[in-house]
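Q: The file below is start.tsv, TSV, C-alpha atoms:
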```
chain	number	residue	atom	x	y	z
A	119	GLU	CA	41.43	-4.15	19.20
A	120	ARG	CA	41.18	-6.88	21.86
A	121	ALA	CA	42.82	-4.68	24.51
A	122	HIS	CA	40.37	-1.90	23.69
A	123	ALA	CA	37.38	-4.27	23.86
A	124	ALA	CA	38.61	-5.53	27.25
A	125	ALA	CA	38.99	-1.95	28.51
A	126	VAL	CA	35.44	-1.10	27.46
A	127	ALA	CA	34.03	-4.29	28.98
A	128	SER	CA	35.84	-3.72	32.28
A	129	GLY	CA	34.60	-0.14	32.58
A	130	GLU	CA	38.11	1.36	32.24
A	131	CYS	CA	36.80	3.74	29.60
A	132	ASP	CA	34.03	5.12	31.78
A	133	SER	CA	36.37	7.82	33.11
A	134	ALA	CA	38.19	8.50	29.85
A	135	ARG	CA	37.96	12.09	28.71
A	136	ALA	CA	39.35	14.27	26.00
A	137	TYR	CA	39.40	17.94	25.17
A	138	SER	CA	38.23	19.26	21.83
A	139	SER	CA	40.51	21.35	19.67
A	140	CYS	CA	37.37	23.29	18.76
A	141	ALA	CA	36.61	24.33	22.35
A	142	ASP	CA	36.60	27.95	23.53
A	143	ASP	CA	39.72	27.55	25.69
A	144	LEU	CA	42.37	25.07	26.78
A	145	VAL	CA	43.04	23.26	30.05
A	146	ALA	CA	46.06	24.80	31.85
A	147	ARG	CA	46.60	27.22	28.98
A	148	GLU	CA	50.07	28.68	28.46
A	149	CYS	CA	51.57	30.80	25.71
A	150	ASP	CA	54.65	29.61	23.84
A	151	VAL	CA	56.50	31.89	21.43
A	152	ASP	CA	58.46	28.90	20.04
A	153	PHE	CA	55.27	27.73	18.36
A	154	GLY	CA	54.76	31.01	16.50
A	155	ASN	CA	52.06	33.63	16.78
A	156	THR	CA	48.43	32.94	16.23
A	157	GLU	CA	46.31	35.72	14.76
A	158	GLY	CA	43.71	36.93	17.22
A	159	CYS	CA	45.47	35.19	20.11
A	160	ARG	CA	45.16	36.67	23.58
A	161	CYS	CA	48.86	36.10	24.33
A	162	GLU	CA	52.38	36.42	22.91
A	163	GLY	CA	52.92	33.30	20.85
A	164	ARG	CA	50.51	30.41	20.49
A	165	PRO	CA	48.21	29.21	23.28
A	166	LEU	CA	48.99	25.58	24.17
A	167	SER	CA	48.20	23.01	26.82
A	168	ARG	CA	50.88	20.58	27.93
A	169	ALA	CA	48.45	19.29	30.55
A	170	ALA	CA	46.15	17.70	27.97
A	171	SER	CA	46.15	16.75	24.33
A	172	VAL	CA	43.17	17.68	22.20
A	173	ILE	CA	41.14	15.65	19.76
A	174	LYS	CA	39.65	16.63	16.43
A	175	ALA	CA	37.19	14.43	14.60
A	176	SER	CA	36.96	14.72	10.83
A	177	PRO	CA	33.50	15.37	9.40
A	178	GLU	CA	33.61	11.85	7.97
A	179	VAL	CA	33.67	10.17	11.40
A	180	SER	CA	30.73	7.81	11.20
A	181	SER	CA	29.49	8.07	14.77
A	182	SER	CA	30.13	9.53	18.18
A	183	SER	CA	31.07	6.02	19.33
A	184	ASP	CA	34.12	6.23	17.00
A	185	VAL	CA	35.23	9.36	18.86
A	186	LEU	CA	34.56	7.73	22.24
A	187	ASN	CA	36.53	4.66	21.17
A	188	ALA	CA	39.49	6.85	20.15
A	189	VAL	CA	39.32	8.68	23.48
A	190	CYS	CA	39.30	5.35	25.29
A	191	TYR	CA	42.22	3.71	23.55
A	192	THR	CA	44.36	6.86	23.61
A	193	GLN	CA	43.90	7.59	27.29
A	194	GLY	CA	47.31	7.80	28.89
A	195	VAL	CA	48.93	9.05	25.69
A	196	ASP	CA	49.42	12.52	27.22
A	197	ALA	CA	51.98	11.10	29.65
A	198	GLU	CA	53.84	9.42	26.79
A	199	PHE	CA	53.74	12.56	24.64
A	200	ASN	CA	54.95	14.67	27.58
A	201	ALA	CA	57.82	12.22	28.25
A	202	GLU	CA	58.86	12.36	24.57
A	203	GLU	CA	58.87	16.15	24.60
A	204	SER	CA	60.78	16.28	27.91
A	205	ALA	CA	63.38	13.77	26.66
A	206	ASP	CA	64.28	15.99	23.69
A	207	PRO	CA	67.35	17.99	24.82
A	208	THR	CA	67.34	20.22	21.72
A	209	GLY	CA	63.70	21.25	21.98
A	210	SER	CA	63.16	20.28	18.37
A	211	VAL	CA	60.09	18.15	19.14
A	212	LYS	CA	57.13	20.44	18.72
A	213	TRP	CA	54.01	18.51	17.74
A	214	LEU	CA	53.18	14.92	18.57
A	215	TYR	CA	50.04	13.48	17.07
A	216	TYR	CA	48.17	10.29	16.44
A	217	GLY	CA	45.52	9.67	13.80
A	218	THR	CA	42.99	6.88	14.06
A	219	ARG	CA	41.64	4.85	11.19
A	220	GLU	CA	38.21	6.27	12.04
A	221	GLY	CA	39.40	9.83	11.32
A	222	VAL	CA	40.12	11.17	14.81
A	223	LEU	CA	43.27	13.23	15.44
A	224	VAL	CA	44.93	13.37	18.87
A	225	ASN	CA	47.35	16.32	19.10
A	226	TYR	CA	49.91	17.23	21.79
A	227	PRO	CA	50.45	19.80	23.06
A	228	GLY	CA	46.82	20.74	22.95
A	229	PHE	CA	45.93	23.73	20.79
A	230	LEU	CA	42.80	25.39	19.51
A	231	TRP	CA	41.99	24.78	15.87
A	232	PRO	CA	41.80	28.04	13.91
A	233	ARG	CA	38.33	29.32	13.12
A	234	ASN	CA	38.23	30.28	9.46
A	235	TYR	CA	36.22	29.84	6.29
A	236	ASP	CA	35.36	26.21	7.06
A	237	GLY	CA	34.51	26.65	10.71
A	238	CYS	CA	36.79	24.66	12.97
A	239	GLY	CA	38.88	22.77	10.42
A	240	GLN	CA	35.89	20.90	9.04
A	241	GLY	CA	37.81	19.83	5.94
A	242	TYR	CA	40.65	18.22	7.90
A	243	ASP	CA	40.88	14.43	7.99
A	244	PRO	CA	44.12	12.90	9.29
A	245	ARG	CA	43.64	9.79	7.14
A	246	PHE	CA	44.42	11.84	4.03
A	247	ARG	CA	47.56	13.51	5.39
A	248	PRO	CA	50.91	12.26	4.04
A	249	TRP	CA	52.21	11.43	7.55
A	250	TYR	CA	49.25	9.12	8.17
A	251	VAL	CA	49.32	7.47	4.75
A	252	GLN	CA	53.08	6.89	5.05
A	253	ALA	CA	52.78	5.32	8.50
A	254	ALA	CA	49.77	3.21	7.56
A	255	ALA	CA	51.01	1.90	4.22
A	256	GLY	CA	54.76	2.55	3.82
A	257	PRO	CA	56.34	3.45	0.47
A	258	LYS	CA	54.05	2.96	-2.49
A	259	ASN	CA	54.26	2.46	-6.24
A	260	VAL	CA	51.13	4.01	-7.72
A	261	VAL	CA	49.87	4.06	-11.29
A	262	LEU	CA	46.93	6.35	-11.98
A	263	VAL	CA	44.92	5.30	-15.03
A	264	ILE	CA	42.71	8.20	-16.07
A	265	ASP	CA	39.93	8.01	-18.65
A	266	ILE	CA	40.04	11.08	-20.92
A	267	SER	CA	37.47	9.87	-23.44
A	268	GLY	CA	34.54	11.99	-24.52
A	269	SER	CA	32.19	10.30	-22.06
A	270	MET	CA	34.12	11.91	-19.19
A	271	LYS	CA	32.70	15.31	-20.21
A	272	GLU	CA	29.23	14.10	-19.19
A	273	GLU	CA	27.69	14.54	-15.71
A	274	GLY	CA	30.83	16.05	-14.17
A	275	ARG	CA	32.86	12.85	-14.51
A	276	GLU	CA	36.01	14.69	-15.57
A	277	ALA	CA	35.94	16.91	-12.47
A	278	LEU	CA	35.38	13.87	-10.24
A	279	ALA	CA	38.32	12.04	-11.84
A	280	LYS	CA	40.58	15.07	-11.31
A	281	GLU	CA	39.45	15.37	-7.68
A	282	ALA	CA	40.10	11.66	-7.07
A	283	ALA	CA	43.56	11.84	-8.67
A	284	SER	CA	44.38	14.94	-6.63
A	285	THR	CA	43.33	13.18	-3.41
A	286	VAL	CA	45.62	10.24	-4.20
A	287	LEU	CA	48.54	12.54	-5.07
A	288	ASP	CA	48.04	14.63	-1.90
A	289	GLY	CA	48.58	11.50	0.18
A	290	LEU	CA	51.93	10.63	-1.41
A	291	THR	CA	55.33	11.45	0.05
A	292	HIS	CA	58.89	11.68	-1.24
A	293	THR	CA	59.31	7.92	-0.78
A	294	ASP	CA	56.50	7.06	-3.19
A	295	ASN	CA	56.62	6.54	-6.95
A	296	VAL	CA	53.80	7.51	-9.26
A	297	GLY	CA	52.99	7.04	-12.93
A	298	VAL	CA	50.08	8.43	-14.89
A	299	VAL	CA	48.46	6.73	-17.86
A	300	ALA	CA	45.73	8.54	-19.77
A	301	PHE	CA	43.46	6.62	-22.09
A	302	SER	CA	40.69	7.25	-24.52
A	303	SER	CA	40.65	4.55	-27.15
A	304	GLU	CA	44.34	3.73	-26.52
A	305	PRO	CA	46.61	4.37	-23.53
A	306	ARG	CA	49.02	7.33	-23.54
A	307	ASN	CA	51.92	7.89	-21.19
A	308	LYS	CA	54.11	10.99	-21.09
A	309	ASN	CA	57.45	10.44	-19.40
```
Is it possible to give me this structure as structure tokens?

A:
Amino acid sequence: ERAHAAAVASGECDSARAYSSCADDLVARECDVDFGNTEGCRCEGRPLSRAASVIKASPEVSSSSDVLNAVCYTQGVDAEFNAEESADPTGSVKWLYYGTREGVLVNYPGFLWPRNYDGCGQGYDPRFRPWYVQAAAGPKNVVLVIDISGSMKEEGREALAKEAASTVLDGLTHTDNVGVVAFSSEPRNKN
């Protein structure tokens, strides 16, 4: 945080730039068959850019300044990502990415986000992906306590509780433990 504030104050971020994964094309575009085929692609394989990573902001990003801040404090990461990929003698390193706590994803090599039913990945937020949750919080012991009383049938509460529980479960990994307790007038637990 302090290093970022100093970079902004000194003007280091004035020249920072990033490329959007929702753009029409990539910088120094190449096609790589090792990354699979992309439907509708204009090349054999998947179009990538090893010259520049791309960023993707979740729809929940609170302001454009959050995106600009992420661009600023991740400038120079392309060189690190490229060095990591080059240092892998087996070629098993494919994607390198970084998610910010504001909801911005930096992805290397750069790629174009698929255009589908939700536009350009509008529903994607790195903060809810298992890789981010694991890195941010480590292994977890979680107990979900879910109200199943009659009042939950009112005003869509039951659907909201299911959605919230699903969001929590989607963020868990194989290193996490979870328990579920349902209650109405008394708690119930099925093992």

Q: Which value, in Å to one decimal, gives the distance between atom CA of A:Ser303 and atom CA of A:Met270?

A: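 These atoms are spaced 12.7 Å apart.
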
Q: What separation in Å, quoted to one decimal, exists between atom CA of A:Ser269 and atom CA of A:Val286?

A: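 Calculated distance between atom CA of A:Ser269 and atom CA of A:Val286 is 22.3 Å.
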
Q: I want to know what sits within 12 Å of A:Leu214, based on all atoms listed in the file, with residues of the same chain fewer than 6 positions away left out; could you give that as a list in words?

A: Arg168, Ser171, Val172, Val195, Asp196, Ala197, Glu198, Phe199, Asn200, Ala201, Glu202, Glu203, Leu223, Val224, Asn225, Tyr226, Pro227, Gly228, Phe229 and Trp249 of chain A

Q: Check the smallest atom-to-atom distance from each of A:Ile266, A:Cys238, A:Ala300, A:Gln252 to A:Ser138 using only C-alpha atoms, then report the winner.

A: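 The answer is A:Cys238, which sits nearest to A:Ser138.
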
Q: Would you mind telling me which residue in A:Val261, A:Ala146, A:Ala253, A:Ala279 lies nearest to A:Thr293 when using all atoms listed in the file?

A: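 Using all atoms listed in the file, the shortest distance to A:Thr293 belongs to A:Ala253.
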
Q: Do you know which residues lie at most 10 Å from (42.8, 29.9, 29.8), with coordinates as in the file and all atoms listed in the file counted, and could you write them as number ranges by chain?

A: A: 142-149, 160, 165-167

Q: Compile the contact shell of A:Glu276 as JSON, numbers by chain: residues with an atom at most 10 Å away, counting only C-alpha atoms, same-chain residues fewer than 4 positions apart removed.

A: {"A": [264, 265, 266, 267, 268, 269, 270, 271, 272, 280, 281, 282]}

Q: Of the candidates A:Ala283, A:Val211, A:Leu262, A:Ala205, which shows the shortest atom-to-atom distance to A:Val298, using all atoms listed in the file?

A: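 Among A:Ala283, A:Val211, A:Leu262, A:Ala205, it is A:Leu262 that comes nearest to A:Val298.
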
Q: Calculate how many Å separate atom CA of A:Thr291 from atom CA of A:Gly256, rounding to one decimal.

A: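 So the answer is 9.7 Å.
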
Q: Between A:Ala255, A:Phe246, A:Cys140, A:Arg275, single out the one closest to A:Asp288, counting all atoms listed in the file.

A: A:Phe246

Q: Which one is closest to A:Val260: A:Ser176, A:Asn295, A:Thr218, A:Ser139? Count only C-alpha atoms.

A: A:Asn295

Q: Looking at all atoms listed in the file, which of A:Val263, A:Val251, A:Val296, A:Val185 is the one that sits closest to A:Ile173?

A: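 Counting all atoms listed in the file, the residue closest to A:Ile173 is A:Val185.
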